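Student: Got a file for you: structure_9.txt, compact mmCIF, C-alpha atoms and all ligand atoms.
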# COMPACT_ATOMS: atom_id res chain seq x y z
CA MET J 258 -13.15 12.62 35.35
CA THR J 259 -11.22 15.78 34.41
CA ILE J 260 -12.23 17.94 31.44
CA GLU J 261 -9.05 16.81 29.60
CA THR J 262 -9.89 13.12 30.13
CA ALA J 263 -13.48 13.66 29.01
CA ASN J 264 -12.29 15.49 25.88
CA ALA J 265 -9.78 12.75 25.09
CA ALA J 266 -12.49 10.08 25.47
CA ALA J 267 -14.86 12.04 23.20
CA ASP J 268 -12.07 12.51 20.63
CA SER J 269 -11.17 8.83 20.60
CA GLY J 270 -14.89 7.92 20.27
CA LEU J 271 -15.19 10.20 17.23
CA LEU J 272 -11.96 8.82 15.79
CA SER J 273 -13.16 5.28 16.20
CA THR J 274 -16.48 6.08 14.46
CA LEU J 275 -14.72 7.83 11.55
CA THR J 276 -12.28 4.95 11.18
CA TRP J 277 -15.09 2.38 11.11
CA VAL J 278 -16.90 4.43 8.45
CA TRP J 279 -13.69 4.48 6.38
CA LEU J 280 -13.16 0.76 6.86
CA ILE J 281 -16.69 -0.05 5.70
CA THR J 282 -16.19 2.18 2.63
CA ALA J 283 -13.49 -0.27 1.48
CA LEU J 284 -16.12 -2.96 0.84
CA PRO J 285 -18.16 -1.24 -1.92
CA THR J 286 -14.85 0.01 -3.34
CA ALA J 287 -13.59 -3.57 -3.67
CA PHE J 288 -16.89 -4.53 -5.30
CA CYS J 289 -16.55 -1.72 -7.90
CA LEU J 290 -12.88 -2.53 -8.56
CA TRP J 291 -13.89 -6.11 -9.29
CA PHE J 292 -15.66 -4.79 -12.41
CA ILE J 293 -13.82 -1.55 -13.22
CA ASN J 294 -10.01 -1.57 -13.30
CA ALA J 295 -8.29 1.46 -11.75
CA PRO J 296 -7.17 3.27 -14.92
CA TYR J 297 -3.38 3.28 -14.63
CA GLY J 298 -0.57 1.10 -15.93
CA ARG J 299 -1.73 -1.51 -18.49
CA HIS J 300 -5.38 -0.75 -17.63
CA ASN J 301 -5.08 2.96 -18.50
CA THR J 302 -7.66 3.59 -21.22
CA GLY J 303 -6.63 7.21 -21.70
CA ASN J 304 -10.24 8.30 -21.08
CA TRP J 305 -9.79 9.76 -17.62
CA GLY J 306 -8.66 13.28 -18.52
CA PRO J 307 -5.19 14.83 -18.53
CA GLN J 308 -2.30 12.44 -17.95
CA VAL J 309 0.97 12.90 -16.07
CA ARG J 310 4.17 10.88 -16.23
CA ALA J 311 4.18 7.84 -13.93
CA ARG J 312 7.09 9.25 -11.93
CA LEU J 313 5.29 12.52 -11.19
CA GLY J 314 2.01 10.71 -10.48
CA TRP J 315 3.59 8.39 -7.89
CA PHE J 316 5.54 11.24 -6.31
CA LEU J 317 2.42 13.42 -5.94
CA MET J 318 0.19 10.60 -4.79
CA GLU J 319 2.50 9.12 -2.14
CA SER J 320 4.30 12.17 -0.73
CA PRO J 321 1.52 12.98 1.83
CA SER J 322 2.33 9.61 3.40
CA VAL J 323 5.84 10.83 4.21
CA VAL J 324 5.09 14.44 5.13
CA ILE J 325 1.99 14.06 7.34
CA PRO J 326 3.49 11.35 9.63
CA LEU J 327 6.66 13.43 9.94
CA GLY J 328 4.55 16.40 11.08
CA VAL J 329 2.67 14.24 13.61
CA PHE J 330 5.92 12.71 14.89
CA ILE J 331 7.34 16.16 15.56
CA TYR J 332 4.02 17.42 17.06
CA VAL J 333 3.82 14.56 19.62
CA ARG J 334 7.60 14.58 20.25
CA GLY J 335 7.51 10.94 19.13
CA TRP J 336 11.21 10.36 19.85
CA GLU J 337 10.31 10.37 23.59
CA SER J 338 8.34 7.11 23.09
CA THR J 339 10.07 3.90 21.90
CA ALA J 340 6.79 2.56 20.51
CA ILE J 341 5.99 5.66 18.47
CA THR J 342 9.60 5.84 17.21
CA VAL J 343 9.55 2.18 16.07
CA PHE J 344 6.17 2.64 14.30
CA PHE J 345 7.40 5.84 12.67
CA LEU J 346 10.65 4.29 11.38
CA LEU J 347 8.87 1.25 9.91
CA TRP J 348 6.25 3.43 8.23
CA GLN J 349 8.84 5.80 6.81
CA ALA J 350 11.02 2.90 5.58
CA HIS J 351 8.08 1.90 3.38
CA TYR J 352 6.91 5.34 2.32
CA ILE J 353 10.23 7.07 1.68
CA HIS J 354 10.88 4.23 -0.76
CA ARG J 355 7.39 4.36 -2.30
CA ALA J 356 7.17 8.17 -2.63
CA TRP J 357 10.71 9.32 -3.20
CA VAL J 358 12.76 6.33 -4.44
CA TYR J 359 10.39 4.01 -6.35
CA PRO J 360 9.12 6.68 -8.79
CA PHE J 361 12.67 7.43 -9.89
CA ARG J 362 13.48 3.72 -10.30
CA LEU J 363 10.57 3.30 -12.75
CA ALA J 364 11.39 3.02 -16.45
CA ARG J 365 10.81 6.30 -18.25
CA THR J 366 8.50 4.37 -20.56
CA SER J 367 6.10 3.39 -17.75
CA SER J 368 2.51 4.16 -18.71
CA PRO J 369 1.32 7.66 -17.83
CA MET J 370 -1.31 8.12 -15.12
CA PRO J 371 -4.48 10.24 -15.17
CA LEU J 372 -3.94 13.37 -13.07
CA ALA J 373 -7.36 12.71 -11.49
CA LEU J 374 -6.17 9.32 -10.26
CA ALA J 375 -2.97 10.82 -8.80
CA CYS J 376 -5.15 13.38 -6.96
CA PHE J 377 -7.55 10.71 -5.78
CA GLY J 378 -4.62 8.60 -4.54
CA GLY J 379 -3.21 11.65 -2.74
CA ILE J 380 -6.57 12.21 -1.01
CA PHE J 381 -6.73 8.54 -0.03
CA ASN J 382 -3.23 8.72 1.47
CA THR J 383 -4.09 11.95 3.30
CA ILE J 384 -7.17 10.37 4.91
CA ASN J 385 -5.18 7.27 5.84
CA CYS J 386 -2.39 9.35 7.43
CA CYS J 387 -4.87 11.61 9.25
CA LEU J 388 -6.57 8.57 10.82
CA HIS J 389 -3.22 7.11 11.87
CA GLY J 390 -2.01 10.55 13.04
CA ALA J 391 -5.17 11.19 15.08
CA TRP J 392 -4.76 7.74 16.65
CA VAL J 393 -1.18 8.57 17.68
CA ILE J 394 -2.23 11.96 19.06
CA ALA J 395 -5.23 10.54 20.96
CA PHE J 396 -3.33 7.61 22.47
CA ARG J 397 0.24 8.91 22.63
CA ASP J 398 0.46 8.34 26.41
CA SER J 399 -0.88 4.80 26.27
CA ILE J 400 0.78 3.49 23.08
CA ASP J 401 3.30 1.01 24.35
CA LEU J 402 5.57 -1.63 22.93
CA ASP J 403 5.85 -5.11 24.39
CA TRP J 404 8.69 -6.67 22.40
CA THR J 405 7.60 -10.14 23.55
CA ALA J 406 3.88 -9.79 22.67
CA PRO J 407 2.99 -12.41 19.98
CA HIS J 408 1.03 -9.86 17.92
CA PHE J 409 4.02 -7.51 17.83
CA LEU J 410 6.51 -10.25 16.94
CA CYS J 411 4.28 -11.75 14.21
CA GLY J 412 3.45 -8.27 12.93
CA ILE J 413 7.02 -7.06 12.58
CA ILE J 414 8.10 -10.34 10.91
CA LEU J 415 5.21 -10.09 8.42
CA PHE J 416 5.94 -6.41 7.79
CA ILE J 417 9.60 -7.08 6.97
CA ILE J 418 8.89 -10.19 4.86
CA GLY J 419 6.09 -8.36 2.99
CA MET J 420 8.32 -5.39 2.26
CA GLY J 421 11.10 -7.69 1.00
CA VAL J 422 8.69 -9.58 -1.28
CA ASN J 423 7.21 -6.32 -2.57
CA ILE J 424 10.57 -4.69 -3.35
CA ASP J 425 11.96 -7.85 -4.96
CA ALA J 426 8.92 -8.16 -7.25
CA CYS J 427 8.89 -4.43 -8.09
CA THR J 428 12.60 -4.64 -8.98
CA ARG J 429 11.97 -7.56 -11.35
CA LEU J 430 9.08 -5.71 -13.05
CA ILE J 431 11.05 -2.50 -13.42
CA GLY J 432 13.87 -4.57 -14.97
CA LEU J 433 11.42 -6.12 -17.46
CA LYS J 434 10.11 -2.72 -18.48
CA LYS J 435 13.63 -1.41 -19.01
CA GLU J 436 14.51 -4.49 -21.10
CA LYS J 437 11.48 -4.20 -23.36
CA LEU J 438 10.85 -0.50 -23.65
CA ASP J 439 7.82 -0.78 -25.90
CA GLY J 440 5.81 -3.31 -23.93
CA TYR J 441 5.35 -6.08 -21.41
CA SER J 442 6.84 -9.55 -20.95
CA ALA J 443 5.71 -12.49 -18.83
CA PRO J 444 7.58 -12.10 -15.51
CA GLN J 445 9.75 -14.99 -14.29
CA GLY J 446 11.66 -15.93 -11.15
CA GLY J 447 11.17 -15.25 -7.46
CA LEU J 448 7.55 -15.56 -6.33
CA PHE J 449 6.43 -15.03 -9.95
CA ARG J 450 6.89 -18.80 -10.20
CA TRP J 451 3.65 -19.15 -8.23
CA VAL J 452 1.68 -15.91 -8.64
CA SER J 453 1.26 -13.15 -11.21
CA CYS J 454 1.41 -10.32 -8.66
CA PRO J 455 3.89 -10.98 -5.84
CA ASN J 456 4.36 -7.21 -5.52
CA TYR J 457 0.71 -6.94 -4.42
CA LEU J 458 0.97 -10.04 -2.24
CA GLY J 459 3.99 -8.51 -0.47
CA GLU J 460 2.18 -5.20 0.02
CA ILE J 461 -0.89 -6.93 1.51
CA ILE J 462 1.27 -9.04 3.88
CA GLU J 463 3.13 -5.89 4.90
CA TRP J 464 0.01 -3.96 5.92
CA PHE J 465 -1.59 -6.88 7.74
CA GLY J 466 1.73 -7.11 9.60
CA TRP J 467 1.39 -3.40 10.37
CA ALA J 468 -2.14 -3.92 11.71
CA LEU J 469 -0.83 -6.64 14.03
CA LEU J 470 2.25 -4.83 15.23
CA THR J 471 0.42 -1.57 15.96
CA TRP J 472 -2.69 -3.44 17.18
CA SER J 473 -4.73 -0.46 16.01
CA LEU J 474 -8.02 0.12 14.20
CA PRO J 475 -6.43 2.53 11.65
CA GLY J 476 -3.80 -0.15 10.97
CA LEU J 477 -6.45 -2.82 10.36
CA THR J 478 -8.45 -0.39 8.22
CA PHE J 479 -5.48 0.32 5.98
CA ALA J 480 -4.73 -3.41 5.61
CA ILE J 481 -8.32 -4.04 4.50
CA TRP J 482 -8.19 -1.12 2.06
CA THR J 483 -4.95 -2.50 0.60
CA LEU J 484 -6.62 -5.87 0.06
CA ALA J 485 -9.69 -4.14 -1.43
CA ASN J 486 -7.46 -2.25 -3.92
CA LEU J 487 -4.97 -4.92 -4.84
CA GLY J 488 -7.06 -8.12 -4.75
CA PRO J 489 -9.24 -7.12 -7.75
CA ARG J 490 -6.22 -5.60 -9.51
CA ALA J 491 -4.22 -8.83 -9.16
CA ARG J 492 -7.15 -10.72 -10.72
CA ALA J 493 -7.27 -8.22 -13.61
CA HIS J 494 -3.48 -8.43 -14.20
CA HIS J 495 -3.63 -12.23 -14.10
CA ARG J 496 -6.44 -12.37 -16.70
CA TRP J 497 -4.57 -9.88 -18.86
CA TYR J 498 -1.39 -12.03 -18.78
CA ARG J 499 -3.39 -15.10 -19.77
CA GLU J 500 -4.92 -13.25 -22.71
CA GLN J 501 -1.63 -11.74 -23.88
CA PHE J 502 0.66 -14.75 -23.49
CA PRO J 503 -0.81 -18.06 -24.75
CA ASP J 504 2.02 -20.04 -23.09
CA TYR J 505 1.53 -18.31 -19.74
CA PRO J 506 2.21 -20.89 -16.95
CA ALA J 507 -1.11 -22.65 -16.31
CA LYS J 508 -0.44 -23.34 -12.62
CA ARG J 509 0.40 -19.75 -11.74
CA LYS J 510 -2.35 -18.03 -9.71
CA ALA J 511 -3.17 -14.33 -9.42
CA LEU J 512 -2.25 -13.55 -5.82
CA LEU J 513 -2.24 -16.54 -3.48
CA PRO J 514 -0.11 -19.58 -4.45
CA GLY J 515 -2.34 -22.54 -5.32
CA LEU J 516 -5.55 -20.75 -4.32
CA PHE J 517 -6.50 -17.53 -6.13
N1 LIG G 1 -1.32 -0.01 -0.65
C1 LIG G 1 -2.07 0.11 -1.73
O1 LIG G 1 -3.30 0.18 -1.65
C2 LIG G 1 -1.44 0.15 -3.11
C3 LIG G 1 -2.21 0.48 -4.22
C4 LIG G 1 -1.62 0.49 -5.48
C5 LIG G 1 -0.27 0.17 -5.63
N2 LIG G 1 0.47 -0.14 -4.53
C6 LIG G 1 1.90 -0.52 -4.69
O2 LIG G 1 2.52 0.32 -5.63
C7 LIG G 1 3.45 -0.42 -6.45
C8 LIG G 1 3.15 -0.21 -7.94
O3 LIG G 1 1.84 -0.68 -8.22
P1 LIG G 1 1.34 -0.87 -9.72
O4 LIG G 1 -0.12 -1.17 -9.63
O5 LIG G 1 1.83 0.26 -10.58
O6 LIG G 1 2.18 -2.20 -10.14
P2 LIG G 1 2.37 -2.87 -11.58
O7 LIG G 1 1.14 -2.73 -12.41
O8 LIG G 1 2.87 -4.25 -11.33
O9 LIG G 1 3.50 -1.99 -12.32
C9 LIG G 1 4.74 -1.71 -11.72
C10 LIG G 1 5.73 -1.23 -12.79
O10 LIG G 1 6.23 -2.33 -13.54
C11 LIG G 1 5.84 -2.24 -14.91
N3 LIG G 1 5.39 -3.59 -15.26
C12 LIG G 1 4.48 -4.34 -14.59
N4 LIG G 1 4.35 -5.54 -15.14
C13 LIG G 1 5.18 -5.57 -16.21
C14 LIG G 1 5.50 -6.55 -17.18
N5 LIG G 1 4.92 -7.76 -17.16
N6 LIG G 1 6.40 -6.26 -18.16
C15 LIG G 1 7.00 -5.05 -18.17
N7 LIG G 1 6.75 -4.07 -17.26
C16 LIG G 1 5.85 -4.32 -16.28
C17 LIG G 1 4.72 -1.22 -14.96
O11 LIG G 1 4.66 -0.58 -16.22
P3 LIG G 1 3.27 0.15 -16.69
O12 LIG G 1 3.02 1.22 -15.66
O13 LIG G 1 3.58 0.67 -18.04
O14 LIG G 1 2.20 -0.90 -16.65
C18 LIG G 1 5.14 -0.29 -13.83
O15 LIG G 1 6.15 0.57 -14.30
C19 LIG G 1 3.31 -1.89 -6.03
O16 LIG G 1 4.38 -2.22 -5.18
C20 LIG G 1 2.00 -1.94 -5.27
O17 LIG G 1 2.06 -2.91 -4.26
C21 LIG G 1 -0.07 -0.14 -3.27
Could you quickly redo this structure as structure tokens?
Tutor:
Amino acid sequence: MTIETANAAADSGLLSTLTWVWLITALPTAFCLWFINAPYGRHNTGNWGPQVRARLGWFLMESPSVVIPLGVFIYVRGWESTAITVFFLLWQAHYIHRAWVYPFRLARTSSPMPLALACFGGIFNTINCCLHGAWVIAFRDSIDLDWTAPHFLCGIILFIIGMGVNIDACTRLIGLKKEKLDGYSAPQGGLFRWVSCPNYLGEIIEWFGWALLTWSLPGLTFAIWTLANLGPRARAHHRWYREQFPDYPAKRKALLPGLF
């Protein structure tokens, strides 16, 4: 074994340990979020310190997820690998929208966000991108793409469907907010016929698709974190709708049609 190979093995061992630690951290987080709603949007109590406009909050929070992967892509000369280029383009398709398009599509009347939460979200995204980036750096020579592998095919289909569902639902919600500037309405149409939070359902499908298509521990970790964040939040939104709108459709579930 050469010194370089030994170093690479040690690095990937450390990366795997750190990623497992981060994955396990998602579990107590989900438990806490079951009882305490993340304080933004309709659940913003105003008690979490200085507030920033939603647009600025989303821009600050999500921009590391565009910039860090771009830096890693350039560092590893990702364009020389088809696999790394495909992963990079899919990731950036999601995050350029989330960080640099979505915030400016939001209604100006969207609820403000605590600055602390925007910072916390930015730190979360930085950790997530560092784990993915370290994975790409550690395995750049062995990351490969088999277009016919079932996990890749299922993953890319789920990723694209999830992104479509997420953007469709976000567009409907943004439209509602722009229609009723001073408040909320019960959403209708699309997957809202079956669930209160198809935007979260789409996002969760998307990142489980990512985990499959990259077949990576950081990918799986991010999918589990997304579920840990958005599962409890979907439940909270759903309860809130039921309290606010007495004629809210009884059969509609929070996140999973017919189930939850
Ligand atoms: N990967 C992750 O871990 C993660 C974590 C969080 C969010 N996200 C993604 O980020 C996006 C935004 O999340 P979010 O939690 O802000 O979603 P959200 O609570 O559904 O709000 C989205 C926007 O629509 C408005 N809105 C929502 N429901 C409305 C209604 N019934 N009537 C009128 N306006 C309504 C909100 O206004 P207000 O702000 O005034 O409520 C906000 O501007 C989603 O696509 C989500 O999937 C991902």
Student: Using all atoms listed in the file, which of the listed residues (J:His494, J:Arg397, J:Arg310, J:Arg362) sits closest to Pro444 in chain J?
Tutor: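 Selected residue with least distance to Pro444 in chain J: J:His494.
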Student: Considering only C-alpha atoms and all ligand atoms, can you say which of J:Ala395, J:Leu477, J:Leu327, J:Leu363 comes closest to ligand LIG 1 (chain G)?
Tutor: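 Checking each candidate against ligand LIG 1 (chain G), we get J:Leu363 as the closest.
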Student: Using atom C12 of ligand LIG 1 (chain G) and CA of Leu372 in chain J as the two end points, give the distance in Å to one decimal.
Tutor: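 These atoms are spaced 19.7 Å apart.
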Student: Taking only C-alpha atoms into account, name the residue in J:Met318, J:Leu448, J:Leu458, J:Ile481 that is nearest to Cys376 in chain J.
Tutor: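 Distance minimum relative to Cys376 in chain J lands on J:Met318.
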Student: Within 6 Å of ligand LIG 1 (chain G), which residues show up when you count only C-alpha atoms and all ligand atoms? List them as a ChimeraX atom specification, please.
Tutor: /J:298-299,363,367-368,423,427,430-431,433-434,441-444,456-457,460,483,486
Student: Can you work out the spacing between CA of Ala493 in chain J and CA of Val309 in chain J in Å, to one decimal?
Tutor: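 These two atoms are separated by 22.8 Å.
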Student: Would you compute the distance between CA of Phe288 in chain J and CA of Pro489 in chain J? Give it in Å to one decimal.
Tutor: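 About the pair CA of Phe288 in chain J and CA of Pro489 in chain J: they are 8.4 Å apart.
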